[in-house]
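Pasting coords.txt here (compact mmCIF, C-alpha atoms):
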```txt
# COMPACT_ATOMS: atom_id res chain seq x y z
CA MET A 1 -15.74 -35.55 38.65
CA ASN A 2 -16.46 -32.28 36.96
CA GLU A 3 -18.11 -29.38 38.72
CA ARG A 4 -21.67 -30.33 37.86
CA SER A 5 -23.49 -32.81 40.03
CA GLU A 6 -24.28 -35.87 37.97
CA CYS A 7 -27.94 -36.13 38.90
CA ALA A 8 -28.79 -32.45 38.60
CA GLY A 9 -28.19 -32.12 34.87
CA ALA A 10 -27.51 -29.06 32.77
CA LEU A 11 -30.33 -26.98 34.24
CA MET A 12 -28.88 -27.13 37.73
CA PRO A 13 -25.13 -26.57 37.65
CA VAL A 14 -23.72 -26.88 41.14
CA SER A 15 -20.94 -24.36 41.03
CA PRO A 16 -22.86 -21.06 40.70
CA MET A 17 -24.97 -21.87 43.77
CA ALA A 18 -21.87 -23.04 45.65
CA ARG A 19 -20.25 -19.71 44.81
CA ALA A 20 -23.39 -17.85 45.95
CA LEU A 21 -23.23 -19.74 49.24
CA GLU A 22 -19.55 -18.79 49.67
CA LEU A 23 -20.52 -15.16 49.12
CA ALA A 24 -23.31 -15.49 51.70
CA MET A 25 -20.75 -16.76 54.23
CA GLU A 26 -18.49 -13.80 53.44
CA GLY A 27 -21.45 -11.55 54.15
CA ALA A 28 -22.12 -13.21 57.50
CA ARG A 29 -18.51 -12.68 58.54
CA ALA A 30 -18.98 -8.96 57.79
CA GLY A 31 -22.17 -8.78 59.87
CA GLU A 32 -24.57 -8.80 56.93
CA VAL A 33 -27.62 -11.05 56.61
CA PRO A 34 -26.00 -14.02 54.83
CA VAL A 35 -27.42 -14.01 51.32
CA GLY A 36 -25.26 -14.42 48.23
CA ALA A 37 -26.06 -14.10 44.53
CA VAL A 38 -24.27 -14.68 41.25
CA VAL A 39 -25.17 -13.91 37.64
CA VAL A 40 -24.25 -16.42 34.95
CA SER A 41 -23.93 -15.39 31.30
CA ALA A 42 -25.61 -17.16 28.39
CA GLY A 43 -22.26 -18.90 27.87
CA GLY A 44 -22.36 -20.40 31.37
CA GLU A 45 -19.75 -18.17 32.97
CA ILE A 46 -20.15 -16.54 36.38
CA VAL A 47 -19.88 -12.85 35.46
CA ALA A 48 -20.89 -11.17 38.72
CA GLY A 49 -21.43 -12.06 42.34
CA ALA A 50 -22.20 -10.30 45.60
CA CYS A 51 -23.41 -10.67 49.14
CA ASN A 52 -25.63 -8.22 51.01
CA ARG A 53 -23.96 -4.89 51.73
CA VAL A 54 -26.90 -3.08 53.40
CA GLU A 55 -25.10 -2.28 56.66
CA ARG A 56 -21.63 -1.66 55.26
CA ASP A 57 -22.81 0.64 52.47
CA ARG A 58 -25.70 2.14 54.50
CA ASP A 59 -27.78 1.31 51.45
CA PRO A 60 -31.32 -0.04 51.95
CA SER A 61 -31.27 -1.43 48.40
CA ALA A 62 -27.92 -3.25 48.71
CA HIS A 63 -29.25 -6.80 48.58
CA ALA A 64 -26.96 -9.36 46.94
CA GLU A 65 -29.16 -9.66 43.85
CA ILE A 66 -29.29 -5.91 43.16
CA ILE A 67 -25.51 -5.58 43.41
CA ALA A 68 -24.89 -8.63 41.20
CA LEU A 69 -27.39 -7.39 38.57
CA ARG A 70 -25.79 -3.95 38.53
CA GLU A 71 -22.33 -5.40 38.04
CA ALA A 72 -23.55 -7.80 35.35
CA GLY A 73 -25.28 -4.94 33.49
CA ARG A 74 -22.11 -2.89 33.56
CA LEU A 75 -20.08 -5.80 32.19
CA ALA A 76 -22.68 -6.71 29.55
CA GLY A 77 -22.97 -3.06 28.49
CA SER A 78 -26.77 -3.21 28.86
CA PRO A 79 -29.34 -3.12 31.65
CA ARG A 80 -31.16 -5.95 29.84
CA LEU A 81 -29.38 -9.19 30.70
CA VAL A 82 -30.98 -11.35 28.03
CA GLY A 83 -29.94 -15.00 28.34
CA HIS A 84 -28.41 -14.50 31.78
CA ASP A 85 -29.36 -16.57 34.83
CA LEU A 86 -29.32 -15.54 38.48
CA TYR A 87 -28.51 -17.82 41.43
CA VAL A 88 -29.31 -16.63 44.94
CA THR A 89 -29.24 -18.48 48.25
CA LEU A 90 -32.61 -17.12 49.46
CA GLU A 91 -35.92 -16.50 47.73
CA PRO A 92 -35.73 -12.90 46.48
CA CYS A 93 -37.78 -10.19 48.20
CA PRO A 94 -40.25 -8.15 46.10
CA MET A 95 -37.60 -5.48 45.41
CA CYS A 96 -35.13 -8.01 44.03
CA ALA A 97 -37.78 -10.06 42.22
CA HIS A 98 -38.93 -6.99 40.30
CA ALA A 99 -35.31 -6.03 39.55
CA ILE A 100 -34.83 -9.55 38.14
CA ALA A 101 -37.84 -9.00 35.87
CA LEU A 102 -36.56 -5.55 34.80
CA ALA A 103 -33.19 -7.15 33.97
CA ARG A 104 -34.88 -9.82 31.79
CA ILE A 105 -33.11 -12.63 33.65
CA ARG A 106 -33.79 -15.95 31.86
CA ARG A 107 -33.71 -18.37 34.80
CA LEU A 108 -33.82 -17.74 38.52
CA TYR A 109 -32.41 -20.43 40.81
CA TYR A 110 -32.92 -19.83 44.50
CA GLY A 111 -31.99 -21.74 47.63
CA ALA A 112 -34.12 -21.43 50.75
CA GLU A 113 -37.75 -20.38 50.51
CA ASP A 114 -38.61 -17.22 52.48
CA GLU A 115 -42.20 -17.51 53.65
CA LYS A 116 -42.13 -14.16 55.44
CA GLY A 117 -40.01 -11.96 53.19
CA GLY A 118 -40.01 -13.68 49.79
CA GLY A 119 -41.70 -12.14 46.77
CA VAL A 120 -41.49 -14.95 44.22
CA ASP A 121 -43.39 -17.96 45.59
CA ASN A 122 -44.68 -16.03 48.61
CA GLY A 123 -46.12 -12.58 49.36
CA ALA A 124 -46.25 -10.30 46.32
CA ARG A 125 -45.55 -13.19 43.88
CA ILE A 126 -44.07 -10.59 41.55
CA PHE A 127 -43.78 -12.80 38.46
CA SER A 128 -47.45 -13.84 38.68
CA LEU A 129 -48.77 -10.27 38.43
CA THR A 130 -50.44 -9.41 35.13
CA SER A 131 -48.38 -6.19 35.20
CA CYS A 132 -45.10 -8.19 35.17
CA HIS A 133 -43.62 -7.86 31.67
CA HIS A 134 -40.95 -10.54 31.99
CA ARG A 135 -41.13 -13.83 33.86
CA PRO A 136 -37.95 -15.84 34.36
CA GLU A 137 -38.15 -19.59 34.71
CA VAL A 138 -37.96 -20.20 38.47
CA TYR A 139 -36.25 -23.13 40.22
CA GLY A 140 -36.50 -23.02 44.01
CA GLY A 141 -34.92 -25.20 46.68
CA ILE A 142 -31.46 -25.47 45.05
CA GLY A 143 -29.00 -25.96 47.93
CA ALA A 144 -31.76 -24.89 50.29
CA ALA A 145 -30.55 -26.72 53.41
CA ALA A 146 -27.12 -25.08 53.45
CA ALA A 147 -28.55 -21.61 52.71
CA ALA A 148 -31.24 -21.92 55.39
CA GLY A 149 -28.75 -23.29 57.91
CA LEU A 150 -26.49 -20.32 57.39
CA LEU A 151 -29.35 -17.89 57.97
CA ARG A 152 -30.55 -19.74 61.09
CA GLN A 153 -27.06 -19.71 62.57
CA PHE A 154 -26.65 -16.00 61.79
CA PHE A 155 -29.88 -14.98 63.52
CA ARG A 156 -29.35 -17.40 66.45
CA GLU A 157 -25.97 -15.81 67.18
CA ARG A 158 -27.50 -12.33 67.16
CA ARG A 159 -30.46 -13.02 69.41
CA MET B 1 -45.21 34.11 48.41
CA ASN B 2 -43.15 31.49 50.11
CA GLU B 3 -42.26 28.16 48.52
CA ARG B 4 -45.26 26.28 49.86
CA SER B 5 -48.54 26.43 48.01
CA GLU B 6 -51.09 28.13 50.23
CA CYS B 7 -53.83 25.59 49.80
CA ALA B 8 -51.68 22.48 50.12
CA GLY B 9 -50.59 23.02 53.71
CA ALA B 10 -47.64 21.61 55.62
CA LEU B 11 -48.11 18.02 54.47
CA MET B 12 -47.62 18.93 50.83
CA PRO B 13 -44.63 21.22 50.38
CA VAL B 14 -44.29 22.24 46.77
CA SER B 15 -40.57 22.52 46.39
CA PRO B 16 -39.41 18.88 46.80
CA MET B 17 -41.82 17.75 44.09
CA ALA B 18 -40.80 20.68 41.89
CA ARG B 19 -37.19 19.58 42.31
CA ALA B 20 -38.15 15.97 41.50
CA LEU B 21 -39.83 17.22 38.32
CA GLU B 22 -36.70 19.16 37.36
CA LEU B 23 -34.67 15.98 37.83
CA ALA B 24 -37.17 14.06 35.68
CA MET B 25 -36.66 16.63 32.89
CA GLU B 26 -32.89 16.25 33.21
CA GLY B 27 -33.38 12.51 32.78
CA ALA B 28 -35.47 13.01 29.64
CA ARG B 29 -32.76 15.17 28.09
CA ALA B 30 -30.31 12.29 28.69
CA GLY B 31 -32.63 9.75 27.07
CA GLU B 32 -33.91 8.23 30.31
CA VAL B 33 -37.57 7.62 31.14
CA PRO B 34 -38.36 10.93 32.86
CA VAL B 35 -38.87 10.11 36.51
CA GLY B 36 -37.28 12.12 39.32
CA ALA B 37 -37.11 11.54 43.06
CA VAL B 38 -35.86 13.41 46.09
CA VAL B 39 -35.44 12.43 49.74
CA VAL B 40 -36.26 14.98 52.42
CA SER B 41 -34.81 14.69 55.93
CA ALA B 42 -36.85 14.89 59.13
CA GLY B 43 -35.74 18.52 59.31
CA GLY B 44 -37.35 19.29 55.95
CA GLU B 45 -34.17 19.53 53.88
CA ILE B 46 -33.74 17.92 50.47
CA VAL B 47 -30.78 15.61 51.14
CA ALA B 48 -30.69 13.53 47.96
CA GLY B 49 -32.19 13.56 44.49
CA ALA B 50 -31.87 11.60 41.27
CA CYS B 51 -33.44 10.80 37.95
CA ASN B 52 -33.44 7.41 36.25
CA ARG B 53 -30.00 6.24 35.12
CA VAL B 54 -30.93 2.79 33.77
CA GLU B 55 -29.55 3.33 30.27
CA ARG B 56 -26.54 5.46 31.16
CA ASP B 57 -25.35 3.18 33.96
CA ARG B 58 -26.50 -0.05 32.23
CA ASP B 59 -28.13 -0.79 35.58
CA PRO B 60 -31.59 -2.42 35.62
CA SER B 61 -32.08 -1.22 39.21
CA ALA B 62 -31.15 2.43 38.57
CA HIS B 63 -34.58 3.95 39.05
CA ALA B 64 -34.64 7.47 40.51
CA GLU B 65 -35.96 6.27 43.88
CA ILE B 66 -33.25 3.61 44.38
CA ILE B 67 -30.46 6.08 43.60
CA ALA B 68 -31.94 8.76 45.88
CA LEU B 69 -32.42 6.25 48.75
CA ARG B 70 -28.84 5.00 48.37
CA GLU B 71 -27.45 8.53 48.49
CA ALA B 72 -29.65 9.47 51.46
CA GLY B 73 -28.54 6.36 53.37
CA ARG B 74 -24.91 7.18 52.75
CA LEU B 75 -25.43 10.74 54.01
CA ALA B 76 -27.51 9.67 57.02
CA GLY B 77 -24.95 6.99 57.90
CA SER B 78 -27.70 4.35 58.05
CA PRO B 79 -29.77 2.27 55.62
CA ARG B 80 -32.80 3.04 57.81
CA LEU B 81 -34.02 6.53 56.91
CA VAL B 82 -36.31 7.01 59.88
CA GLY B 83 -38.27 10.28 59.65
CA HIS B 84 -37.31 10.84 56.01
CA ASP B 85 -39.86 11.42 53.22
CA LEU B 86 -39.56 10.54 49.54
CA TYR B 87 -41.05 12.53 46.66
CA VAL B 88 -41.21 10.94 43.23
CA THR B 89 -42.92 12.09 40.04
CA LEU B 90 -44.40 8.67 39.21
CA GLU B 91 -46.00 5.95 41.33
CA PRO B 92 -43.11 3.66 42.34
CA CYS B 93 -42.80 0.22 40.74
CA PRO B 94 -42.75 -2.86 43.04
CA MET B 95 -38.92 -2.77 43.22
CA CYS B 96 -38.87 0.83 44.41
CA ALA B 97 -41.91 0.46 46.66
CA HIS B 98 -40.25 -2.39 48.54
CA ALA B 99 -36.98 -0.42 48.75
CA ILE B 100 -38.99 2.46 50.28
CA ALA B 101 -40.34 0.03 52.89
CA LEU B 102 -36.87 -1.39 53.58
CA ALA B 103 -35.60 2.19 54.05
CA ARG B 104 -38.38 2.95 56.59
CA ILE B 105 -39.44 6.07 54.67
CA ARG B 106 -42.04 7.99 56.70
CA ARG B 107 -44.12 9.55 53.94
CA LEU B 108 -44.23 8.83 50.23
CA TYR B 109 -45.50 11.58 47.92
CA TYR B 110 -45.90 10.60 44.31
CA GLY B 111 -47.05 12.43 41.17
CA ALA B 112 -48.70 10.49 38.36
CA GLU B 113 -50.40 7.17 39.03
CA ASP B 114 -48.98 4.26 37.01
CA GLU B 115 -51.79 1.81 36.34
CA LYS B 116 -49.58 -0.55 34.37
CA GLY B 117 -46.25 -0.43 36.20
CA GLY B 118 -47.05 0.94 39.65
CA GLY B 119 -46.69 -1.17 42.78
CA VAL B 120 -48.24 1.09 45.45
CA ASP B 121 -51.87 1.72 44.50
CA ASN B 122 -51.77 -0.72 41.58
CA GLY B 123 -50.37 -4.18 40.83
CA ALA B 124 -48.42 -5.68 43.72
CA ARG B 125 -49.73 -3.04 46.22
CA ILE B 126 -46.53 -3.65 48.18
CA PHE B 127 -47.50 -1.74 51.33
CA SER B 128 -50.78 -3.66 51.65
CA LEU B 129 -49.08 -7.07 51.87
CA THR B 130 -49.17 -8.67 55.30
CA SER B 131 -45.46 -9.43 54.79
CA CYS B 132 -44.65 -5.69 54.50
CA HIS B 133 -42.94 -4.67 57.74
CA HIS B 134 -43.09 -0.92 57.23
CA ARG B 135 -45.82 1.14 55.58
CA PRO B 136 -45.14 4.78 54.79
CA GLU B 137 -48.01 7.23 54.67
CA VAL B 138 -48.82 7.59 50.96
CA TYR B 139 -49.99 10.75 49.18
CA GLY B 140 -50.59 10.29 45.44
CA GLY B 141 -51.40 12.77 42.71
CA ILE B 142 -49.02 15.54 43.88
CA GLY B 143 -48.09 17.49 40.74
CA ALA B 144 -49.51 14.63 38.70
CA ALA B 145 -50.41 16.58 35.55
CA ALA B 146 -46.89 17.89 34.99
CA ALA B 147 -45.28 14.51 35.69
CA ALA B 148 -47.69 12.64 33.43
CA GLY B 149 -47.31 15.24 30.68
CA LEU B 150 -43.55 14.82 30.72
CA LEU B 151 -43.84 11.04 30.41
CA ARG B 152 -46.41 11.30 27.58
CA GLN B 153 -44.18 13.68 25.65
CA PHE B 154 -41.14 11.46 26.14
CA PHE B 155 -42.84 8.33 24.82
CA ARG B 156 -44.60 10.20 21.98
CA GLU B 157 -41.25 11.49 20.72
CA ARG B 158 -39.80 7.97 20.77
CA ARG B 159 -42.60 6.19 18.95
```
Output the structure of this file as structure tokens.
Amino acid sequence: MNERSECAGALMPVSPMARALELAMEGARAGEVPVGAVVVSAGGEIVAGACNRVERDRDPSAHAEIIALREAGRLAGSPRLVGHDLYVTLEPCPMCAHAIALARIRRLYYGAEDEKGGGVDNGARIFSLTSCHHRPEVYGGIGAAAAAGLLRQFFRERR
Amino acid sequence: MNERSECAGALMPVSPMARALELAMEGARAGEVPVGAVVVSAGGEIVAGACNRVERDRDPSAHAEIIALREAGRLAGSPRLVGHDLYVTLEPCPMCAHAIALARIRRLYYGAEDEKGGGVDNGARIFSLTSCHHRPEVYGGIGAAAAAGLLRQFFRERR
């Protein structure tokens, strides 16, 4: 067995989302809303990954996606991550969705849908706006059950 | 003469926007799209300010507003900047508008309207979404001519 699931094919490698889920769990242990994200280079390598750091960094913008994009830009030497893909355990909010467009991410894979807070297939639908200059290919529902379960558990324990 | 314009009144202090414009000019000199932002505390003090750093930091998320919010959160010791206001020379994009909502900014003052890229009074209209949990008061057009002139000059010189 290699790291890719046999049925998913090349468009849905398992390991980046598994890594994003690990990062989400790390976030939960640190008291952050459990969302994890990784950026994968055009060559298929995971080049950056993060979980939310909003509370720890006292940074309202410190969602997993923003931190992973920033790190990937630094490593790529450009804010335009042409050919890069982003994997995140939860549908990005409008802030992160627009950052993904600004970064020229090629493909966005997300886990659980976020009917209340999402900005890709819900709410602002950032990539559908005529003012959106770059639209990644979007694949939702990748590893959704695990990602949603983690979030449910996190909020149940804090109620 | 004190620092407030006589006709503008208490809701529209001149100096934070003047400082934001200065920061925008600093950005232009460094080759960044000239947008500047400052955060003002509940007590009326400028606590953070930034211009775009997208190219210098190779960071797709490094808009002036995001950097100023991050710095203000760090200084306030919380990602929730209750009672704080944000001044920015250009209508925020959807990324920054949603970050402003996440940060619970009380009042947003912006300079030039951005019909193509804006996400407050144009495009995504982030604060009008039913999914938006926090809506700042919004005052547009503050120092708009100077801010728009700076942007026009910047893009004319680069054509």
Can you provide chain A as an mmCIF file with C-alpha atoms, in the coordinates of the input, superposed onto chain B by least squares across all C-alpha atoms matched in order?
```
data_model
loop_
_atom_site.group_PDB
_atom_site.id
_atom_site.type_symbol
_atom_site.label_atom_id
_atom_site.label_comp_id
_atom_site.auth_asym_id
_atom_site.auth_seq_id
_atom_site.Cartn_x
_atom_site.Cartn_y
_atom_site.Cartn_z
ATOM 1 C CA MET A 1 -44.810 34.144 48.651
ATOM 2 C CA ASN A 2 -42.725 31.463 50.244
ATOM 3 C CA GLU A 3 -41.986 28.168 48.563
ATOM 4 C CA ARG A 4 -44.984 26.310 49.933
ATOM 5 C CA SER A 5 -48.292 26.587 48.157
ATOM 6 C CA GLU A 6 -50.769 28.253 50.464
ATOM 7 C CA CYS A 7 -53.569 25.742 50.038
ATOM 8 C CA ALA A 8 -51.457 22.604 50.250
ATOM 9 C CA GLY A 9 -50.328 23.026 53.846
ATOM 10 C CA ALA A 10 -47.388 21.523 55.672
ATOM 11 C CA LEU A 11 -48.000 17.968 54.476
ATOM 12 C CA MET A 12 -47.572 18.913 50.839
ATOM 13 C CA PRO A 13 -44.604 21.231 50.395
ATOM 14 C CA VAL A 14 -44.318 22.258 46.772
ATOM 15 C CA SER A 15 -40.595 22.525 46.381
ATOM 16 C CA PRO A 16 -39.481 18.880 46.783
ATOM 17 C CA MET A 17 -41.899 17.741 44.065
ATOM 18 C CA ALA A 18 -40.874 20.673 41.859
ATOM 19 C CA ARG A 19 -37.262 19.587 42.300
ATOM 20 C CA ALA A 20 -38.208 15.973 41.485
ATOM 21 C CA LEU A 21 -39.887 17.203 38.308
ATOM 22 C CA GLU A 22 -36.751 19.172 37.348
ATOM 23 C CA LEU A 23 -34.725 15.996 37.826
ATOM 24 C CA ALA A 24 -37.196 14.064 35.656
ATOM 25 C CA MET A 25 -36.695 16.638 32.883
ATOM 26 C CA GLU A 26 -32.921 16.266 33.210
ATOM 27 C CA GLY A 27 -33.407 12.537 32.776
ATOM 28 C CA ALA A 28 -35.493 13.007 29.637
ATOM 29 C CA ARG A 29 -32.787 15.180 28.105
ATOM 30 C CA ALA A 30 -30.329 12.314 28.710
ATOM 31 C CA GLY A 31 -32.641 9.770 27.061
ATOM 32 C CA GLU A 32 -33.909 8.227 30.288
ATOM 33 C CA VAL A 33 -37.567 7.604 31.126
ATOM 34 C CA PRO A 34 -38.374 10.928 32.833
ATOM 35 C CA VAL A 35 -38.880 10.103 36.494
ATOM 36 C CA GLY A 36 -37.304 12.122 39.291
ATOM 37 C CA ALA A 37 -37.140 11.541 43.041
ATOM 38 C CA VAL A 38 -35.915 13.422 46.084
ATOM 39 C CA VAL A 39 -35.506 12.453 49.734
ATOM 40 C CA VAL A 40 -36.340 15.007 52.410
ATOM 41 C CA SER A 41 -34.908 14.739 55.926
ATOM 42 C CA ALA A 42 -36.951 14.922 59.122
ATOM 43 C CA GLY A 43 -35.857 18.568 59.289
ATOM 44 C CA GLY A 44 -37.458 19.328 55.918
ATOM 45 C CA GLU A 45 -34.281 19.574 53.872
ATOM 46 C CA ILE A 46 -33.819 17.960 50.462
ATOM 47 C CA VAL A 47 -30.857 15.658 51.140
ATOM 48 C CA ALA A 48 -30.756 13.579 47.956
ATOM 49 C CA GLY A 49 -32.233 13.594 44.491
ATOM 50 C CA ALA A 50 -31.911 11.632 41.272
ATOM 51 C CA CYS A 51 -33.460 10.810 37.946
ATOM 52 C CA ASN A 52 -33.448 7.408 36.256
ATOM 53 C CA ARG A 53 -30.003 6.267 35.146
ATOM 54 C CA VAL A 54 -30.917 2.801 33.783
ATOM 55 C CA GLU A 55 -29.537 3.354 30.276
ATOM 56 C CA ARG A 56 -26.545 5.507 31.173
ATOM 57 C CA ASP A 57 -25.331 3.230 33.967
ATOM 58 C CA ARG A 58 -26.480 -0.007 32.257
ATOM 59 C CA ASP A 59 -28.101 -0.753 35.594
ATOM 60 C CA PRO A 60 -31.549 -2.399 35.637
ATOM 61 C CA SER A 61 -32.058 -1.195 39.218
ATOM 62 C CA ALA A 62 -31.128 2.458 38.568
ATOM 63 C CA HIS A 63 -34.575 3.961 39.062
ATOM 64 C CA ALA A 64 -34.649 7.476 40.521
ATOM 65 C CA GLU A 65 -35.964 6.279 43.885
ATOM 66 C CA ILE A 66 -33.260 3.633 44.384
ATOM 67 C CA ILE A 67 -30.480 6.113 43.622
ATOM 68 C CA ALA A 68 -31.970 8.797 45.891
ATOM 69 C CA LEU A 69 -32.439 6.293 48.757
ATOM 70 C CA ARG A 70 -28.865 5.070 48.403
ATOM 71 C CA GLU A 71 -27.490 8.593 48.510
ATOM 72 C CA ALA A 72 -29.703 9.530 51.462
ATOM 73 C CA GLY A 73 -28.579 6.416 53.378
ATOM 74 C CA ARG A 74 -24.952 7.278 52.782
ATOM 75 C CA LEU A 75 -25.489 10.832 54.027
ATOM 76 C CA ALA A 76 -27.575 9.742 57.030
ATOM 77 C CA GLY A 77 -25.004 7.072 57.923
ATOM 78 C CA SER A 78 -27.749 4.417 58.064
ATOM 79 C CA PRO A 79 -29.795 2.341 55.635
ATOM 80 C CA ARG A 80 -32.840 3.091 57.818
ATOM 81 C CA LEU A 81 -34.074 6.563 56.905
ATOM 82 C CA VAL A 82 -36.375 7.059 59.874
ATOM 83 C CA GLY A 83 -38.337 10.313 59.625
ATOM 84 C CA HIS A 84 -37.380 10.869 55.992
ATOM 85 C CA ASP A 85 -39.913 11.437 53.209
ATOM 86 C CA LEU A 86 -39.616 10.541 49.535
ATOM 87 C CA TYR A 87 -41.089 12.528 46.631
ATOM 88 C CA VAL A 88 -41.230 10.924 43.198
ATOM 89 C CA THR A 89 -42.944 12.060 40.011
ATOM 90 C CA LEU A 90 -44.415 8.622 39.183
ATOM 91 C CA GLU A 91 -45.999 5.911 41.298
ATOM 92 C CA PRO A 92 -43.114 3.632 42.318
ATOM 93 C CA CYS A 93 -42.779 0.182 40.740
ATOM 94 C CA PRO A 94 -42.720 -2.885 43.035
ATOM 95 C CA MET A 95 -38.901 -2.781 43.227
ATOM 96 C CA CYS A 96 -38.864 0.827 44.403
ATOM 97 C CA ALA A 97 -41.912 0.441 46.653
ATOM 98 C CA HIS A 98 -40.234 -2.397 48.540
ATOM 99 C CA ALA A 99 -36.980 -0.409 48.756
ATOM 100 C CA ILE A 100 -39.008 2.452 50.276
ATOM 101 C CA ALA A 101 -40.368 0.036 52.890
ATOM 102 C CA LEU A 102 -36.871 -1.364 53.596
ATOM 103 C CA ALA A 103 -35.622 2.217 54.060
ATOM 104 C CA ARG A 104 -38.415 2.973 56.583
ATOM 105 C CA ILE A 105 -39.475 6.081 54.659
ATOM 106 C CA ARG A 106 -42.099 7.991 56.698
ATOM 107 C CA ARG A 107 -44.169 9.550 53.906
ATOM 108 C CA LEU A 108 -44.271 8.818 50.205
ATOM 109 C CA TYR A 109 -45.546 11.559 47.896
ATOM 110 C CA TYR A 110 -45.938 10.562 44.279
ATOM 111 C CA GLY A 111 -47.086 12.369 41.160
ATOM 112 C CA ALA A 112 -48.717 10.438 38.335
ATOM 113 C CA GLU A 113 -50.401 7.112 38.994
ATOM 114 C CA ASP A 114 -48.964 4.193 36.988
ATOM 115 C CA GLU A 115 -51.770 1.740 36.317
ATOM 116 C CA LYS A 116 -49.539 -0.630 34.357
ATOM 117 C CA GLY A 117 -46.219 -0.492 36.188
ATOM 118 C CA GLY A 118 -47.019 0.895 39.646
ATOM 119 C CA GLY A 119 -46.669 -1.210 42.775
ATOM 120 C CA VAL A 120 -48.222 1.032 45.422
ATOM 121 C CA ASP A 121 -51.862 1.664 44.476
ATOM 122 C CA ASN A 122 -51.740 -0.776 41.553
ATOM 123 C CA GLY A 123 -50.332 -4.241 40.816
ATOM 124 C CA ALA A 124 -48.384 -5.733 43.720
ATOM 125 C CA ARG A 125 -49.674 -3.089 46.198
ATOM 126 C CA ILE A 126 -46.491 -3.684 48.171
ATOM 127 C CA PHE A 127 -47.487 -1.767 51.310
ATOM 128 C CA SER A 128 -50.764 -3.705 51.630
ATOM 129 C CA LEU A 129 -49.058 -7.109 51.860
ATOM 130 C CA THR A 130 -49.149 -8.714 55.301
ATOM 131 C CA SER A 131 -45.434 -9.459 54.788
ATOM 132 C CA CYS A 132 -44.638 -5.713 54.494
ATOM 133 C CA HIS A 133 -42.939 -4.670 57.746
ATOM 134 C CA HIS A 134 -43.094 -0.913 57.222
ATOM 135 C CA ARG A 135 -45.829 1.122 55.570
ATOM 136 C CA PRO A 136 -45.177 4.772 54.764
ATOM 137 C CA GLU A 137 -48.061 7.200 54.644
ATOM 138 C CA VAL A 138 -48.857 7.539 50.930
ATOM 139 C CA TYR A 139 -50.031 10.694 49.129
ATOM 140 C CA GLY A 140 -50.612 10.216 45.405
ATOM 141 C CA GLY A 141 -51.452 12.705 42.671
ATOM 142 C CA ILE A 142 -49.079 15.480 43.844
ATOM 143 C CA GLY A 143 -48.130 17.422 40.696
ATOM 144 C CA ALA A 144 -49.544 14.557 38.665
ATOM 145 C CA ALA A 145 -50.442 16.511 35.515
ATOM 146 C CA ALA A 146 -46.929 17.846 34.937
ATOM 147 C CA ALA A 147 -45.306 14.461 35.672
ATOM 148 C CA ALA A 148 -47.709 12.581 33.390
ATOM 149 C CA GLY A 149 -47.326 15.174 30.641
ATOM 150 C CA LEU A 150 -43.579 14.780 30.700
ATOM 151 C CA LEU A 151 -43.851 11.006 30.372
ATOM 152 C CA ARG A 152 -46.405 11.238 27.540
ATOM 153 C CA GLN A 153 -44.198 13.645 25.615
ATOM 154 C CA PHE A 154 -41.144 11.422 26.135
ATOM 155 C CA PHE A 155 -42.832 8.289 24.792
ATOM 156 C CA ARG A 156 -44.594 10.173 21.952
ATOM 157 C CA GLU A 157 -41.241 11.466 20.700
ATOM 158 C CA ARG A 158 -39.772 7.959 20.735
ATOM 159 C CA ARG A 159 -42.577 6.173 18.934
#
```
Tell me, counting all atoms listed in the file, for each residue of stretch 4-61 of chain A within 10 Å of stretch 101-123 of chain B, which pair of atoms is nearest and how far apart they are in Å to one decimal, in rows ordered by chain and increasing number, as a Markdown table.
```
| residue | atom | partner | partner_atom | distance |
| --- | --- | --- | --- | --- |
| A:Arg58 | CA | B:Ala103 | CA | 9.9 |
| A:Asp59 | CA | B:Ala103 | CA | 8.3 |
| A:Pro60 | CA | B:Ala103 | CA | 5.3 |
| A:Ser61 | CA | B:Leu102 | CA | 7.6 |
```
Worksheet entry | Selection: 10 Å around B:Glu22, only C-alpha atoms, excl. self and same-chain fewer than 6 positions, as number ranges by chain | B: 16, 28, 34-37, 50-51, 89, 147
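For the atom pair formed by atom CA of B:Gly140 and atom CA of A:His134, the distance is 26.6 Å, given to one decimal.
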Discussion item. Taking only C-alpha atoms into account and nothing else, which residues of chain B lie no more than 8 Å away from chain A? Please answer as a ChimeraX atom specification.
Written reply: /B:54-55,57-61,66,69-71,73-74,77-80,94-99,102-103,116-117,123-124,126,129-132
Padding 4 Å on every side, please: axis-aligned box over the listed atoms of stretch 126-139 of chain B, centre and edge lengths to one decimal in Å, as AutoDock Vina command-line options.
```
--center_x -46.9 --center_y 0.7 --center_z 53.0 --size_x 15.8 --size_y 28.2 --size_z 17.6
```
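The coordinates place atom CA of A:Glu157 at 21.5 Å from atom CA of A:Ala20.
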Discussion item. Using Å and a single decimal, report how far atom CA of B:Asn52 sits from atom CA of A:Glu45.
Written reply: 29.2 Å
